[in-house]
$ cat query23.txt   # compact mmCIF, C-alpha atoms and all ligand atoms
# COMPACT_ATOMS: atom_id res chain seq x y z
CA MET A 58 10.08 -37.09 -0.34
CA LEU A 59 10.51 -37.01 -4.07
CA GLY A 60 12.78 -34.37 -5.64
CA VAL A 61 14.01 -33.36 -9.09
CA ARG A 62 17.81 -32.93 -9.14
CA VAL A 63 19.25 -30.41 -11.62
CA PRO A 64 22.59 -28.59 -12.11
CA ARG A 65 22.52 -25.18 -10.41
CA ARG A 66 22.90 -23.22 -13.66
CA GLU A 67 19.64 -24.77 -14.96
CA ALA A 68 17.78 -24.43 -11.67
CA GLU A 69 15.71 -21.34 -12.44
CA ALA A 70 14.53 -22.62 -15.84
CA VAL A 71 13.62 -26.03 -14.37
CA ARG A 72 11.85 -24.41 -11.40
CA ARG A 73 9.62 -22.49 -13.81
CA LYS A 74 8.96 -25.57 -15.87
CA LEU A 75 8.01 -27.65 -12.80
CA GLN A 76 5.78 -24.84 -11.63
CA SER A 77 4.02 -24.56 -14.98
CA MET A 78 3.49 -28.34 -14.93
CA GLY A 79 1.89 -28.00 -11.48
CA LEU A 80 4.42 -30.42 -9.92
CA LEU A 81 6.37 -28.10 -7.62
CA LEU A 82 5.44 -28.42 -3.92
CA SER A 83 5.40 -24.83 -2.68
CA ASP A 84 5.07 -25.77 1.01
CA TYR A 85 8.69 -27.04 1.00
CA ARG A 86 11.99 -25.33 0.25
CA PRO A 87 14.43 -26.66 -2.41
CA VAL A 88 17.75 -27.96 -1.04
CA ARG A 89 21.33 -27.70 -2.31
CA ASP A 90 23.44 -30.77 -3.08
CA GLY A 91 26.94 -29.60 -4.14
CA ASP A 92 26.56 -28.14 -7.64
CA TYR A 93 22.97 -29.37 -7.83
CA ILE A 94 19.58 -28.10 -6.61
CA ILE A 95 16.81 -30.50 -5.68
CA PHE A 96 13.20 -29.34 -6.06
CA PRO A 97 10.34 -30.95 -4.09
CA VAL A 98 7.77 -32.43 -6.48
CA SER A 99 4.54 -34.41 -6.32
CA ARG A 100 5.69 -36.94 -8.97
CA CYS A 101 8.76 -37.52 -11.12
CA PRO A 102 8.36 -35.90 -14.56
CA GLU A 103 9.71 -37.70 -17.58
CA GLY A 104 13.25 -36.82 -18.66
CA PHE A 105 14.42 -35.60 -15.20
CA GLU A 106 16.63 -37.20 -12.57
CA CYS A 107 14.56 -37.87 -9.44
CA VAL A 108 15.91 -38.62 -5.94
CA ASP A 109 14.52 -39.28 -2.48
CA THR A 110 15.28 -36.32 -0.10
CA GLU A 111 14.10 -34.50 3.02
CA PHE A 112 12.92 -30.91 2.37
CA PRO A 113 12.52 -28.22 5.06
CA GLU A 114 8.97 -26.92 5.40
CA ARG A 115 8.41 -23.27 4.45
CA LYS A 116 7.23 -21.12 7.35
CA ARG A 117 4.08 -19.52 5.95
CA LYS A 118 3.45 -15.88 6.84
CA PRO A 119 0.11 -15.74 8.69
CA ARG A 120 -2.52 -13.78 6.77
CA SER A 121 -3.90 -11.93 9.79
CA LEU A 122 -3.07 -11.32 13.44
CA GLU A 123 -5.86 -13.75 14.35
CA ASP A 124 -4.07 -16.45 12.28
CA ALA A 125 -0.74 -15.76 13.97
CA LEU A 126 -2.27 -15.80 17.47
CA ARG A 127 -4.20 -18.99 16.75
CA GLU A 128 -0.87 -20.86 16.82
CA PHE A 129 -0.74 -20.47 20.63
CA LEU A 130 -3.94 -18.81 21.94
CA PRO A 131 -7.56 -19.96 22.36
CA ASP A 132 -10.31 -18.13 20.45
CA GLU A 133 -11.63 -15.89 23.23
CA ALA A 134 -8.13 -14.61 24.02
CA ILE A 135 -7.54 -13.88 20.32
CA GLN A 136 -10.61 -11.61 20.21
CA LYS A 137 -9.38 -9.64 23.22
CA ILE A 138 -5.91 -9.10 21.79
CA SER A 139 -6.69 -8.41 18.16
CA LYS A 140 -8.99 -5.48 18.92
CA SER A 141 -6.85 -3.79 21.52
CA PHE A 142 -3.88 -2.24 19.82
CA ASP A 143 -2.96 0.96 18.04
CA ILE A 144 -0.21 1.55 15.53
CA ILE A 145 1.68 4.81 16.01
CA GLY A 146 4.37 5.16 13.34
CA HIS A 147 6.51 2.02 13.58
CA VAL A 148 5.28 1.23 17.12
CA ALA A 149 2.33 -1.02 17.97
CA VAL A 150 0.92 -0.27 21.42
CA ILE A 151 -1.07 -3.14 22.85
CA ARG A 152 -3.22 -3.75 25.89
CA ILE A 153 -2.51 -7.26 27.18
CA PRO A 154 -4.99 -8.75 29.68
CA GLU A 155 -3.32 -9.74 32.96
CA GLU A 156 -3.96 -13.46 32.43
CA LEU A 157 -2.00 -13.35 29.12
CA TRP A 158 0.93 -11.25 30.41
CA ASP A 159 3.32 -14.25 30.48
CA LEU A 160 2.73 -14.69 26.73
CA ARG A 161 3.55 -11.05 25.93
CA GLU A 162 6.74 -11.79 23.96
CA LYS A 163 4.96 -14.31 21.72
CA ILE A 164 2.07 -11.88 21.22
CA GLY A 165 4.55 -9.14 20.31
CA GLU A 166 6.33 -11.43 17.83
CA ALA A 167 2.97 -12.30 16.24
CA ILE A 168 2.25 -8.59 15.65
CA LEU A 169 5.72 -8.12 14.11
CA ARG A 170 5.13 -11.07 11.73
CA VAL A 171 1.80 -9.74 10.48
CA HIS A 172 2.44 -6.00 10.28
CA PRO A 173 5.53 -5.37 8.14
CA ASN A 174 5.64 -1.65 9.05
CA VAL A 175 5.71 -2.35 12.79
CA ARG A 176 9.26 -2.64 14.15
CA THR A 177 8.54 -2.21 17.88
CA VAL A 178 5.75 -3.65 20.00
CA ALA A 179 5.07 -1.97 23.36
CA ALA A 180 2.57 -3.05 26.00
CA GLU A 181 0.60 -0.62 28.15
CA VAL A 182 1.69 -1.04 31.77
CA GLY A 183 -0.67 1.44 33.43
CA PRO A 184 -3.44 3.93 32.69
CA HIS A 185 -2.98 7.49 31.34
CA GLN A 186 -1.56 9.40 34.27
CA GLY A 187 -1.36 12.91 35.73
CA VAL A 188 -1.94 16.23 33.98
CA PHE A 189 0.34 15.22 31.09
CA ARG A 190 -2.00 12.24 30.41
CA VAL A 191 1.00 10.00 29.70
CA GLN A 192 0.56 6.25 29.53
CA PRO A 193 3.57 4.15 30.63
CA VAL A 194 4.59 1.38 28.22
CA GLU A 195 7.16 -1.43 28.08
CA VAL A 196 8.76 -2.76 24.88
CA ILE A 197 7.90 -6.47 24.54
CA ALA A 198 9.21 -7.26 21.04
CA GLY A 199 11.30 -5.78 18.24
CA GLU A 200 13.57 -2.73 18.39
CA PRO A 201 13.74 -0.89 21.73
CA ASN A 202 12.97 2.44 20.04
CA LEU A 203 9.86 4.42 20.95
CA VAL A 204 10.69 7.59 19.01
CA THR A 205 8.63 7.45 15.86
CA GLU A 206 6.96 9.38 13.08
CA HIS A 207 3.25 8.89 12.55
CA LYS A 208 1.43 10.07 9.43
CA GLU A 209 -2.16 11.31 9.53
CA PHE A 210 -3.72 12.90 6.42
CA ASP A 211 -0.13 13.46 5.19
CA VAL A 212 0.70 15.38 8.36
CA ARG A 213 4.04 14.25 9.84
CA LEU A 214 3.90 13.78 13.62
CA ARG A 215 7.09 12.88 15.46
CA LEU A 216 6.76 11.80 19.07
CA GLU A 217 8.05 9.45 21.73
CA VAL A 218 5.49 6.84 22.73
CA GLY A 219 5.20 6.61 26.53
CA LYS A 220 6.52 10.13 27.19
CA MET A 221 3.61 12.19 25.83
CA TYR A 222 -0.02 11.77 24.87
CA PHE A 223 -1.00 10.83 21.34
CA SER A 224 -3.93 8.76 20.08
CA PRO A 225 -4.44 7.77 16.43
CA ARG A 226 -8.07 7.00 17.40
CA LEU A 227 -8.87 10.72 17.33
CA SER A 228 -7.90 11.13 13.69
CA TYR A 229 -11.50 11.40 12.40
CA GLU A 230 -12.28 13.93 15.12
CA ARG A 231 -9.37 16.07 13.91
CA TYR A 232 -10.57 15.74 10.31
CA ARG A 233 -14.12 16.62 11.33
CA ILE A 234 -13.03 19.84 13.03
CA ALA A 235 -10.66 20.74 10.20
CA GLN A 236 -13.59 20.65 7.77
CA GLN A 237 -15.39 23.35 9.77
CA VAL A 238 -12.52 25.86 9.74
CA ARG A 239 -12.98 28.90 7.47
CA PRO A 240 -10.13 30.91 5.90
CA GLY A 241 -8.57 33.52 8.18
CA GLU A 242 -9.66 31.97 11.47
CA PHE A 243 -7.72 32.49 14.69
CA ILE A 244 -7.47 29.17 16.53
CA ALA A 245 -6.62 28.58 20.19
CA ALA A 246 -5.31 25.00 20.34
CA LEU A 247 -5.29 24.30 24.08
CA PHE A 248 -3.80 21.02 25.40
CA ALA A 249 -1.90 20.79 22.10
CA GLY A 250 0.32 17.77 22.84
CA VAL A 251 2.64 17.14 19.87
CA GLY A 252 0.29 19.21 17.68
CA PRO A 253 -2.06 16.84 15.84
CA PHE A 254 -5.19 19.06 16.07
CA PRO A 255 -3.70 22.37 14.82
CA LEU A 256 -1.53 20.56 12.23
CA VAL A 257 -4.39 18.57 10.71
CA ILE A 258 -6.45 21.78 10.57
CA HIS A 259 -3.52 23.52 8.87
CA ARG A 260 -3.27 20.66 6.36
CA PHE A 261 -6.85 21.27 5.18
CA GLN A 262 -7.05 25.04 5.76
CA PRO A 263 -3.57 26.65 5.64
CA ASN A 264 -5.04 30.14 5.87
CA ILE A 265 -5.19 30.24 9.69
CA ARG A 266 -3.37 31.71 12.65
CA ALA A 267 -3.08 29.48 15.68
CA TYR A 268 -1.53 29.29 19.11
CA ALA A 269 -0.72 25.76 20.31
CA VAL A 270 -0.27 25.61 24.09
CA GLU A 271 1.24 22.60 25.86
CA LEU A 272 2.45 22.05 29.43
CA ASN A 273 4.54 18.86 29.06
CA PRO A 274 8.09 19.95 28.06
CA ASP A 275 8.74 16.61 26.27
CA ALA A 276 5.59 16.99 24.18
CA TYR A 277 6.38 20.67 23.55
CA LYS A 278 9.79 19.74 22.09
CA TYR A 279 8.03 17.56 19.47
CA LEU A 280 5.28 20.17 18.96
CA VAL A 281 7.96 22.66 17.86
CA GLU A 282 9.60 20.03 15.63
CA ASN A 283 6.29 18.98 14.06
CA ILE A 284 5.31 22.56 13.25
CA ARG A 285 8.66 22.88 11.43
CA LEU A 286 8.37 19.46 9.68
CA ASN A 287 4.96 20.46 8.32
CA LYS A 288 6.12 23.93 7.26
CA ALA A 289 3.59 25.66 9.49
CA GLU A 290 6.00 27.99 11.34
CA SER A 291 4.36 31.13 9.97
CA LYS A 292 0.87 29.92 10.99
CA ILE A 293 1.11 28.03 14.28
CA ILE A 294 2.90 29.50 17.30
CA PRO A 295 3.91 26.90 19.92
CA VAL A 296 3.85 27.99 23.56
CA LEU A 297 5.16 26.00 26.52
CA GLY A 298 3.06 26.61 29.60
CA ASP A 299 -0.24 26.42 31.44
CA VAL A 300 -3.22 27.56 29.36
CA ARG A 301 -4.57 29.31 32.47
CA GLU A 302 -1.61 31.71 32.37
CA ILE A 303 -0.90 31.76 28.62
CA VAL A 304 -4.41 32.52 27.29
CA PRO A 305 -5.00 35.80 29.20
CA SER A 306 -1.46 37.04 28.63
CA ARG A 307 -0.92 36.06 24.96
CA PHE A 308 -4.28 36.00 23.14
CA PRO A 309 -7.21 37.11 25.32
CA HIS A 310 -10.60 37.11 23.51
CA GLN A 311 -9.04 36.66 20.05
CA ALA A 312 -10.06 33.14 19.04
CA ASP A 313 -12.71 32.21 16.48
CA ARG A 314 -12.28 28.60 17.54
CA VAL A 315 -11.06 27.05 20.81
CA LEU A 316 -9.94 23.41 20.98
CA MET A 317 -9.95 21.59 24.32
CA PRO A 318 -9.14 18.00 23.30
CA SER A 319 -9.10 16.32 26.69
CA PRO A 320 -12.25 14.86 28.25
CA ILE A 321 -10.47 14.70 31.62
CA LEU A 322 -9.15 18.28 31.68
CA ALA A 323 -11.72 20.25 29.66
CA ASP A 324 -14.29 20.76 32.46
CA ASP A 325 -11.78 22.51 34.71
CA PHE A 326 -10.75 24.90 31.94
CA LEU A 327 -14.07 26.03 30.43
CA ASP A 328 -13.49 29.49 31.98
CA VAL A 329 -10.12 29.60 30.14
CA ALA A 330 -11.89 28.73 26.88
CA LEU A 331 -14.15 31.77 27.42
CA GLU A 332 -11.06 33.92 28.04
CA ALA A 333 -9.75 32.84 24.64
CA ALA A 334 -13.08 33.24 22.77
CA LYS A 335 -13.98 36.34 20.75
CA PRO A 336 -16.91 38.07 22.50
CA SER A 337 -18.55 38.60 19.09
CA GLY A 338 -18.77 34.82 18.63
CA ALA A 339 -16.57 31.71 18.71
CA VAL A 340 -16.86 27.94 18.54
CA ILE A 341 -15.57 25.90 21.46
CA HIS A 342 -14.82 22.22 20.81
CA THR A 343 -15.02 20.55 24.18
CA TYR A 344 -14.99 16.92 25.31
CA ALA A 345 -16.45 14.92 28.16
CA LEU A 346 -17.09 11.40 29.37
CA GLY A 347 -20.71 10.31 29.58
CA PRO A 348 -22.47 7.04 30.55
CA ASN A 349 -22.99 5.11 27.33
CA ASP A 350 -26.77 4.70 27.82
CA ASP A 351 -27.16 8.53 27.59
CA PRO A 352 -23.81 10.27 27.15
CA PHE A 353 -25.09 13.76 26.22
CA THR A 354 -28.06 15.03 28.27
CA GLU A 355 -26.49 15.83 31.62
CA LYS A 356 -23.27 17.24 30.14
CA GLU A 357 -25.11 19.45 27.66
CA TYR A 358 -27.23 20.89 30.45
CA GLU A 359 -24.12 21.60 32.58
CA LEU A 360 -22.28 23.22 29.68
CA LEU A 361 -25.13 25.56 28.73
CA ARG A 362 -25.68 26.53 32.37
CA PHE A 363 -21.94 27.20 32.83
CA PHE A 364 -21.77 29.57 29.85
CA ASP A 365 -25.07 31.28 30.72
CA GLU A 366 -23.98 31.97 34.33
CA ARG A 367 -20.83 33.64 33.05
CA GLY A 368 -22.74 35.96 30.71
CA TRP A 369 -22.39 34.13 27.39
CA ASP A 370 -25.16 32.91 25.08
CA ALA A 371 -24.40 29.34 24.03
CA LYS A 372 -25.80 26.94 21.48
CA VAL A 373 -24.70 23.35 20.86
CA LEU A 374 -24.02 23.08 17.11
CA ASN A 375 -23.03 19.39 17.05
CA LYS A 376 -22.51 16.58 19.51
CA ARG A 377 -21.16 13.12 18.82
CA VAL A 378 -19.70 10.04 20.44
CA VAL A 379 -15.99 10.12 19.59
CA ARG A 380 -15.13 6.65 20.91
CA SER A 381 -15.89 4.18 23.60
CA TYR A 382 -13.76 5.11 26.61
CA SER A 383 -14.43 2.23 29.00
CA PRO A 384 -17.09 -0.50 29.31
CA ARG A 385 -19.60 2.05 30.72
CA TYR A 386 -18.39 5.39 29.42
CA ASP A 387 -18.12 7.08 26.01
CA GLN A 388 -15.98 10.04 25.09
CA VAL A 389 -18.24 12.70 23.58
CA ALA A 390 -17.57 15.91 21.67
CA PHE A 391 -19.61 19.10 21.81
CA ASP A 392 -19.17 21.94 19.31
CA VAL A 393 -20.63 24.95 21.14
CA PHE A 394 -21.14 28.40 19.63
CA VAL A 395 -20.69 31.07 22.31
CA LYS A 396 -21.32 34.83 22.16
CA LYS A 397 -20.96 37.39 24.93
CA LYS A 398 -24.38 38.67 26.07
CA LYS A 399 -25.06 42.36 25.45
C1 LIG B 401 -5.35 14.33 26.26
S1 LIG B 401 -3.85 15.15 25.87
C2 LIG B 401 -4.20 15.77 24.26
C3 LIG B 401 -2.97 16.03 23.43
C4 LIG B 401 -3.23 16.33 21.97
N1 LIG B 401 -4.18 17.38 21.78
C5 LIG B 401 -3.64 15.08 21.22
O1 LIG B 401 -4.83 14.95 20.91
O2 LIG B 401 -2.79 14.23 20.95
C6 LIG B 401 -3.91 16.60 26.91
C7 LIG B 401 -2.64 17.43 26.83
O3 LIG B 401 -2.81 18.62 27.61
C8 LIG B 401 -1.60 18.92 28.29
N2 LIG B 401 -1.95 19.76 29.45
C9 LIG B 401 -2.45 19.38 30.65
N3 LIG B 401 -2.71 20.45 31.42
C10 LIG B 401 -2.37 21.54 30.70
C11 LIG B 401 -2.42 22.94 30.96
N4 LIG B 401 -2.88 23.40 32.13
N5 LIG B 401 -1.99 23.78 30.00
C12 LIG B 401 -1.52 23.30 28.81
N6 LIG B 401 -1.47 21.98 28.49
C13 LIG B 401 -1.89 21.11 29.43
C14 LIG B 401 -1.03 17.55 28.65
O4 LIG B 401 0.35 17.60 28.88
C15 LIG B 401 -1.41 16.74 27.39
O5 LIG B 401 -0.40 16.76 26.44
$ encode --input "query23.txt" --output "structure tokens" --more "lines below"
Ligand SMILES: C[S@@+](CC[C@H](N)C(=O)[O-])C[C@H]1O[C@@H](n2cnc3c(N)ncnc32)[C@H](O)[C@@H]1O
Amino acid sequence: MLGVRVPRREAEAVRRKLQSMGLLLSDYRPVRDGDYIIFPVSRCPEGFECVDTEFPERKRKPRSLEDALREFLPDEAIQKISKSFDIIGHVAVIRIPEELWDLREKIGEAILRVHPNVRTVAAEVGPHQGVFRVQPVEVIAGEPNLVTEHKEFDVRLRLEVGKMYFSPRLSYERYRIAQQVRPGEFIAALFAGVGPFPLVIHRFQPNIRAYAVELNPDAYKYLVENIRLNKAESKIIPVLGDVREIVPSRFPHQADRVLMPSPILADDFLDVALEAAKPSGAVIHTYALGPNDDPFTEKEYELLRFFDERGWDAKVLNKRVVRSYSPRYDQVAFDVFVKKKK
């Protein structure tokens, strides 16, 4: 290939000149030759020394994950991969289909190339498990460090991916609830995890009092830390334990608002939500899984019957699909106003 050879001390000025003349070949890197630099050019400009040289090709940064994956995956596999990962702080968590598992390291490297803020890529290696709802993961690329800090609406959330539940996909749901909270409310944040629901509420409405109750000791450790990091110590009280024991002993019938952010657990704890609720009126935010052709009807009927049979009037204020949970099921939210019957 053709190159322009210049003394090193003139290299920057000549580079600019060649660029302004439109002669510099940006797909190749200049090479050093003793005290000289040789620039790759499309033709030899007048007044310069030109030589024949090999230039190394520049590795172009792919513009998107799809671009990076296209280097080694067929189109249908690219679609599956590119839609199935979350970024939590510096960690990307990805679901890799079984048939692509052998390519996991390359897939991880592709994510690292495209997302400059991602330093670790972890693959899911099982479903959310047990009462702690923890999903096991395995690091497939980058730093082997799963302790991270995630930001949501300027709220700082520290956590360890794979040891406690956290989903960035619920961020709008947290925002939506936070917008409903009025000054002075007492909030019972059940199933608190590392604290995203009460902390996002506190970010938008600092004039609250809240209890945040969590059973997983690893998550609780970060809940305490996150309350401190977000300067909410005087507003949110963390409690380690089972909501079934904590609610009646620490804050029976005091809550204006009860959060039950787990579609798997909520059903079994609706009686606990009523133990937290103020008899004069409270809003319960509860979650469920419903078939995606009609996710609300059956659940709404069950909820209203449950509250009625226990002596509470209940009215569904809002209901919405939070996210798709599986090919046939959606996660849905119900905001239910409850009031003890006279
Ligand atoms: C689906 S996660 C939600 C965590 C958090 N609210 C979030 O959105 O990231 C449910 C949480 O409830 C906790 N948990 C399960 N059973 C519990 C109980 N009986 N009392 C208190 N917390 C419980 C689990 O450890 C888990 O952290």
$ residues_near_ligand --input "query23.txt" --ligand "ligand LIG 401 (chain B)" --cutoff "10 Å" --atoms "only C-alpha atoms and all ligand atoms" --output "MDAnalysis selection string"
chainID A and resid 185:191 214 220:228 230:231 246:255 269:277 280 296:304 316:323 325:326 329
$ atom_distance --input "query23.txt" --atom1 "atom CA of Ala68 of chain A" --atom2 "atom CA of Lys118 of chain A"
24.9 Å
$ atom_distance --input "query23.txt" --atom1 "atom CA of Ala371 of chain A" --atom2 "atom CA of Glu357 of chain A"
10.6 Å
$ closest_residue --input "query23.txt" --among "A:Val281, A:Ile151, A:Ile265, A:Ile244" --to "Val218 of chain A" --atoms "all atoms listed in the file"
A:Ile151
$ closest_residue --input "query23.txt" --among "A:Ser139, A:Ser99, A:Ala180, A:Arg66" --to "Met78 of chain A" --atoms "only C-alpha atoms"
A:Ser99
$ residues_near_point --input "query23.txt" --point "(-8.4, 38.0, 20.4)" --cutoff "9 Å" --atoms "only C-alpha atoms" --output "list in words"
Phe243, Arg307, Phe308, Pro309, His310, Gln311, Ala312, Asp313, Ala333, Ala334, Lys335 and Pro336 of chain A
$ atom_distance --input "query23.txt" --atom1 "atom CA of Lys396 of chain A" --atom2 "atom CA of Asp370 of chain A"
5.2 Å
$ closest_residue --input "query23.txt" --among "A:Pro201, A:Pro173, A:Gly347, A:Pro263" --to "Ala235 of chain A" --atoms "only C-alpha atoms"
A:Pro263
$ decode --input "query23.txt" --residues "segment 248-325 of chain A" --atoms "C-alpha atoms" --output "mmCIF file, in the first residue's frame"
data_model
loop_
_atom_site.group_PDB
_atom_site.id
_atom_site.type_symbol
_atom_site.label_atom_id
_atom_site.label_comp_id
_atom_site.auth_asym_id
_atom_site.auth_seq_id
_atom_site.Cartn_x
_atom_site.Cartn_y
_atom_site.Cartn_z
ATOM 1 C CA PHE A 248 -40.286 -7.985 50.458
ATOM 2 C CA ALA A 249 -37.911 -5.006 50.349
ATOM 3 C CA GLY A 250 -34.828 -6.681 48.831
ATOM 4 C CA VAL A 251 -31.976 -4.145 48.638
ATOM 5 C CA GLY A 252 -34.533 -1.334 48.952
ATOM 6 C CA PRO A 253 -35.383 -0.055 45.459
ATOM 7 C CA PHE A 254 -39.124 0.524 46.100
ATOM 8 C CA PRO A 255 -38.896 2.533 49.361
ATOM 9 C CA LEU A 256 -35.768 4.388 48.152
ATOM 10 C CA VAL A 257 -37.279 5.481 44.832
ATOM 11 C CA ILE A 258 -40.396 6.622 46.718
ATOM 12 C CA HIS A 259 -38.164 8.543 49.142
ATOM 13 C CA ARG A 260 -36.356 10.158 46.198
ATOM 14 C CA PHE A 261 -39.616 11.687 44.916
ATOM 15 C CA GLN A 262 -41.405 12.163 48.257
ATOM 16 C CA PRO A 263 -38.905 12.503 51.140
ATOM 17 C CA ASN A 264 -41.665 13.329 53.614
ATOM 18 C CA ILE A 265 -42.506 9.694 54.470
ATOM 19 C CA ARG A 266 -41.970 7.140 57.193
ATOM 20 C CA ALA A 267 -41.342 3.597 56.032
ATOM 21 C CA TYR A 268 -40.472 0.153 57.288
ATOM 22 C CA ALA A 269 -38.533 -2.011 54.814
ATOM 23 C CA VAL A 270 -38.722 -5.708 55.706
ATOM 24 C CA GLU A 271 -36.462 -8.325 54.124
ATOM 25 C CA LEU A 272 -35.774 -11.981 54.945
ATOM 26 C CA ASN A 273 -32.547 -12.630 52.980
ATOM 27 C CA PRO A 274 -29.617 -11.590 55.247
ATOM 28 C CA ASP A 275 -27.387 -10.828 52.222
ATOM 29 C CA ALA A 276 -30.010 -8.520 50.726
ATOM 30 C CA TYR A 277 -30.668 -6.960 54.149
ATOM 31 C CA LYS A 278 -26.972 -6.025 54.489
ATOM 32 C CA TYR A 279 -27.225 -3.990 51.254
ATOM 33 C CA LEU A 280 -30.654 -2.618 52.227
ATOM 34 C CA VAL A 281 -29.056 -1.056 55.322
ATOM 35 C CA GLU A 282 -26.136 0.269 53.250
ATOM 36 C CA ASN A 283 -28.422 1.698 50.551
ATOM 37 C CA ILE A 284 -30.594 3.516 53.078
ATOM 38 C CA ARG A 285 -27.397 5.137 54.405
ATOM 39 C CA LEU A 286 -25.983 5.903 50.912
ATOM 40 C CA ASN A 287 -29.210 7.700 50.012
ATOM 41 C CA LYS A 288 -29.382 9.585 53.314
ATOM 42 C CA ALA A 289 -32.741 8.080 54.221
ATOM 43 C CA GLU A 290 -31.824 6.784 57.712
ATOM 44 C CA SER A 291 -34.323 9.054 59.441
ATOM 45 C CA LYS A 292 -37.158 7.971 57.102
ATOM 46 C CA ILE A 293 -36.752 4.282 56.268
ATOM 47 C CA ILE A 294 -36.254 1.671 58.995
ATOM 48 C CA PRO A 295 -34.764 -1.617 57.734
ATOM 49 C CA VAL A 296 -35.882 -4.812 59.454
ATOM 50 C CA LEU A 297 -34.419 -8.284 58.931
ATOM 51 C CA GLY A 298 -37.093 -10.940 59.237
ATOM 52 C CA ASP A 299 -40.299 -12.549 58.041
ATOM 53 C CA VAL A 300 -43.076 -10.046 57.294
ATOM 54 C CA ARG A 301 -45.530 -12.468 58.925
ATOM 55 C CA GLU A 302 -43.813 -11.907 62.283
ATOM 56 C CA ILE A 303 -42.547 -8.343 61.806
ATOM 57 C CA VAL A 304 -45.774 -6.636 60.670
ATOM 58 C CA PRO A 305 -47.954 -7.537 63.702
ATOM 59 C CA SER A 306 -45.168 -6.878 66.186
ATOM 60 C CA ARG A 307 -43.659 -3.654 64.758
ATOM 61 C CA PHE A 308 -46.333 -1.707 62.857
ATOM 62 C CA PRO A 309 -49.798 -3.315 63.031
ATOM 63 C CA HIS A 310 -52.522 -1.355 61.167
ATOM 64 C CA GLN A 311 -50.349 1.746 60.692
ATOM 65 C CA ALA A 312 -49.678 1.817 56.951
ATOM 66 C CA ASP A 313 -51.240 4.193 54.428
ATOM 67 C CA ARG A 314 -49.583 2.158 51.691
ATOM 68 C CA VAL A 315 -48.433 -1.472 51.581
ATOM 69 C CA LEU A 316 -45.993 -2.705 48.918
ATOM 70 C CA MET A 317 -45.853 -6.405 48.061
ATOM 71 C CA PRO A 318 -43.504 -6.460 45.047
ATOM 72 C CA SER A 319 -43.387 -10.175 44.335
ATOM 73 C CA PRO A 320 -45.907 -11.867 42.043
ATOM 74 C CA ILE A 321 -44.828 -15.259 43.406
ATOM 75 C CA LEU A 322 -45.089 -14.421 47.120
ATOM 76 C CA ALA A 323 -47.837 -11.787 47.297
ATOM 77 C CA ASP A 324 -50.837 -14.165 47.243
ATOM 78 C CA ASP A 325 -49.676 -16.011 50.352
#
